[in-house]
Amino acid sequence: MTAVEVAAGSGGGDPAVSAAGFEFGGVPAVFAAVDLGASSGRVMLGRVGAGELRLTEVYRFANEPVRVGGTLHWDILALYRGVLEGLRRAGPVAGMGVDSWAVDYGLLDESGALLGNPIHYRDARTDGTAAKVAAVVSEGELYGRTGIQKLPFNTIYQLVAASGTPQLEAARHLLLIPDLIAYWLTGSPGAEYTNASTTQLLDVHTGTWDMKLLDELGIRRDLLPPLRQPGSVIGPLSPSLGAELGTGTPNVIAVGSHDTASAVVGVPAQDENFAYISCGTWSLVGVELNAPVLSEESRLANFTNEGGVDGTIRYLRNVMGLWPLQECMRAWSASLDTRVAPDLVSISPLSSGGSEQADEVDPPAATLSAIDISDLLGQAADLPAREHVVDLDDPIYLSPGDMESRIVRQVGQVLTPGEVVRCIMDSLALAHRKTIRQAQQLSGKRIDIIHIVGGGARNELLCQLTADATGLPVLAGPVEATALGNVLVQARAAGTIKGDLRALRSLVRDTQQIVRYEPRGDEAAWQAVERRWGG
């Protein structure tokens, strides 16, 4: 691997005022970051001071979806119990913030009671719903109004699929997952902007709910709560919870509650000419802009314009990340009666484990014995490059199940586990290449370097292959970008630190470990496989 570790803390100068304009408020403070992922949740403590940004995990808990009557649900009360236990262990803090995955929601009745467990975005209830929406509002018009990538599980499709159901009819409020947790902590309903933007119900031009769209689709206007911006105070922790948890009543602060929005805050970029890949179960590949890109070419390329912190636009495309590898590992371990942490595959490099973020942050809950992903990645690294490549954007890879057989069918021959892993790594690197180049072309933004954050930053093979495929240097890390971004937005809201995004990122850059990968120059070979792949 052509990897070089970049020393943290190399910024130099006055630790209270960085060259990028970061200012320290004078009193170090500790904040609790609640970070919910698709297979686990955790509570992290972040300490912020002059030249200091440190994270400590205080509690981790499983997120295990439950299928009832053929419908896949989130066990939201178990998640909330885990959040409370984590906050209890955290003790007194200066603030709390919650982030999670996007699009899914809970419904509350008139009294504020939850109307059943939220339905999982991988449930099949939205199958065919996009066509129903397109019959009312064309895909081109919908993109021009919302700027959001067409994904079959977007909130807009979930609500249309749920039309006429007793739960939706009885609902008074719809709260996205992090807003639901914040509501239970404070009693204050609302919709944080970055996550609300992913619903495909927000007007990209005004940053407000598209009331006309709601009317056209038969979605009640009063179902959606008031919007709030990242950095605003939701409210104090309820006195009863403060007494129960021993935390007092610190403010719960609206962070970039879509986990990718927080992760982008935690990208240690030095200037604006960067792309990011928030890599875990999904790879969120994109650039940061000041205005949306709403061209027909952008829509056809399936790019999305999601809201970011400080009024930015996260112009990105969802790429199937390490999910196929996670599913293969589940199947292989099950065949040997070995319990495997489902996220370990997205966090391990060739030599060690770690923790993961992207849409999800999930380090190992168990130690592998019969199957070790590090060994498989080592085998994969020794295999011929680009011999087997599949289109990971194919919808066949979206649902859980026998992932290996789907890959084998596309390849056309039986593969060893090591060959399957190499196929996934090469295919994902190729998807990164295609998406980075499209983002640059469609946005007109020059990209000089790629930042990989989240669990994928510890996958050395993937980081090197991404550098090779794109022909650009890759800076890998921090792994904990989402929790760092969560904490930084809280700290700024509390007055502990001051500065714009560039200033906040300077603190990340000066305190976190980053690894640099240089491209090894196989452009002709990558072009050839891209043509074969149909790119």
# chains A, B, ... in the order shown; residues from 1 in each chain; ligands from 1
call {"tool": "residues_around", "arguments": {"residues": "range 161-165 of chain A", "least_positions_apart": "4", "cutoff": "10 Å", "atoms": "only C-alpha atoms", "output": "ChimeraX atom specification"}}
result
/A:125-130,132-133,155-157,169-170,217-219
call {"tool": "write_last_selection", "arguments": {"atoms": "N, CA and C atoms", "output": "PDB file, in the first residue's frame"}}
result
ATOM      1  N   ARG A 125     -42.469  -2.175   1.220  1.00  0.00           N
ATOM      2  CA  ARG A 125     -43.766  -1.518   1.040  1.00  0.00           C
ATOM      3  C   ARG A 125     -43.751  -0.428  -0.036  1.00  0.00           C
ATOM      4  N   THR A 126     -42.584   0.130  -0.342  1.00  0.00           N
ATOM      5  CA  THR A 126     -42.529   1.205  -1.341  1.00  0.00           C
ATOM      6  C   THR A 126     -42.334   0.699  -2.767  1.00  0.00           C
ATOM      7  N   ASP A 127     -42.290  -0.615  -2.938  1.00  0.00           N
ATOM      8  CA  ASP A 127     -42.111  -1.150  -4.295  1.00  0.00           C
ATOM      9  C   ASP A 127     -43.216  -0.617  -5.215  1.00  0.00           C
ATOM     10  N   GLY A 128     -42.846  -0.021  -6.325  1.00  0.00           N
ATOM     11  CA  GLY A 128     -43.799   0.486  -7.293  1.00  0.00           C
ATOM     12  C   GLY A 128     -44.377   1.852  -6.981  1.00  0.00           C
ATOM     13  N   THR A 129     -44.023   2.418  -5.812  1.00  0.00           N
ATOM     14  CA  THR A 129     -44.615   3.696  -5.411  1.00  0.00           C
ATOM     15  C   THR A 129     -44.070   4.865  -6.231  1.00  0.00           C
ATOM     16  N   ALA A 130     -42.827   4.798  -6.654  1.00  0.00           N
ATOM     17  CA  ALA A 130     -42.239   5.900  -7.421  1.00  0.00           C
ATOM     18  C   ALA A 130     -43.043   6.171  -8.682  1.00  0.00           C
ATOM     19  N   LYS A 132     -46.241   5.754  -9.044  1.00  0.00           N
ATOM     20  CA  LYS A 132     -47.475   6.435  -8.649  1.00  0.00           C
ATOM     21  C   LYS A 132     -47.234   7.927  -8.441  1.00  0.00           C
ATOM     22  N   VAL A 133     -46.108   8.247  -7.819  1.00  0.00           N
ATOM     23  CA  VAL A 133     -45.765   9.656  -7.598  1.00  0.00           C
ATOM     24  C   VAL A 133     -45.504  10.343  -8.932  1.00  0.00           C
ATOM     25  N   THR A 155     -38.617   9.312   1.970  1.00  0.00           N
ATOM     26  CA  THR A 155     -39.805   9.530   2.800  1.00  0.00           C
ATOM     27  C   THR A 155     -41.036   9.805   1.957  1.00  0.00           C
ATOM     28  N   ILE A 156     -40.885  10.536   0.868  1.00  0.00           N
ATOM     29  CA  ILE A 156     -42.023  10.848   0.016  1.00  0.00           C
ATOM     30  C   ILE A 156     -42.722   9.572  -0.447  1.00  0.00           C
ATOM     31  N   TYR A 157     -41.947   8.558  -0.816  1.00  0.00           N
ATOM     32  CA  TYR A 157     -42.522   7.303  -1.290  1.00  0.00           C
ATOM     33  C   TYR A 157     -43.087   6.495  -0.124  1.00  0.00           C
ATOM     34  N   GLU A 169     -53.638   7.895   9.266  1.00  0.00           N
ATOM     35  CA  GLU A 169     -54.854   8.676   9.466  1.00  0.00           C
ATOM     36  C   GLU A 169     -54.931   9.223  10.894  1.00  0.00           C
ATOM     37  N   ALA A 170     -54.422   8.448  11.854  1.00  0.00           N
ATOM     38  CA  ALA A 170     -54.484   8.864  13.258  1.00  0.00           C
ATOM     39  C   ALA A 170     -53.334   9.778  13.660  1.00  0.00           C
ATOM     40  N   LEU A 217     -49.895  15.360  -3.498  1.00  0.00           N
ATOM     41  CA  LEU A 217     -49.760  13.936  -3.176  1.00  0.00           C
ATOM     42  C   LEU A 217     -50.707  13.491  -2.073  1.00  0.00           C
ATOM     43  N   GLY A 218     -51.527  14.397  -1.590  1.00  0.00           N
ATOM     44  CA  GLY A 218     -52.490  14.036  -0.555  1.00  0.00           C
ATOM     45  C   GLY A 218     -51.871  13.823   0.812  1.00  0.00           C
ATOM     46  N   ILE A 219     -50.752  14.487   1.072  1.00  0.00           N
ATOM     47  CA  ILE A 219     -50.095  14.404   2.381  1.00  0.00           C
ATOM     48  C   ILE A 219     -50.511  15.629   3.201  1.00  0.00           C
TER      49      ILE A 219
END
call {"tool": "residues_around", "arguments": {"residues": "Arg47 in chain A", "least_positions_apart": "3", "cutoff": "8 Å", "atoms": "only C-alpha atoms", "output": "VMD selection string"}}
result
chain A and resid 28 to 31 52 to 55
call {"tool": "write_last_selection", "arguments": {"atoms": "C-alpha atoms", "output": "CSV table (one decimal), in the first residue's frame"}}
result
chain,number,residue,atom,x,y,z
A,28,PRO,CA,-13.1,23.3,27.9
A,29,ALA,CA,-16.4,21.5,27.8
A,30,VAL,CA,-17.7,18.0,27.3
A,31,PHE,CA,-20.7,17.1,25.0
A,52,GLU,CA,-8.2,19.7,21.9
A,53,LEU,CA,-10.9,17.5,20.3
A,54,ARG,CA,-11.2,14.1,21.9
A,55,LEU,CA,-13.8,11.4,21.7
call {"tool": "select_by_dssp", "arguments": {"residues": "range 306-339 of chain A", "states": "strand (DSSP E)", "output": "PyMOL selection string"}}
result
chain A and resi 306-307+313-320
call {"tool": "closest_residue", "arguments": {"among": "A:Gly147, A:Pro395, A:Gly248, A:Gly280", "to": "Asn302 in chain A", "atoms": "only C-alpha atoms"}}
result
A:Gly147
call {"tool": "closest_residue", "arguments": {"among": "A:Asn459, A:Asn273, A:Asn195, A:Thr470", "to": "Val515 in chain A", "atoms": "only C-alpha atoms"}}
result
A:Asn459
call {"tool": "residues_around", "arguments": {"residues": "His205 in chain A", "least_positions_apart": "2", "cutoff": "10 Å", "atoms": "only C-alpha atoms", "output": "MDAnalysis selection string"}}
result
chainID A and resid 144:147 202:203 207:208 210 291:292
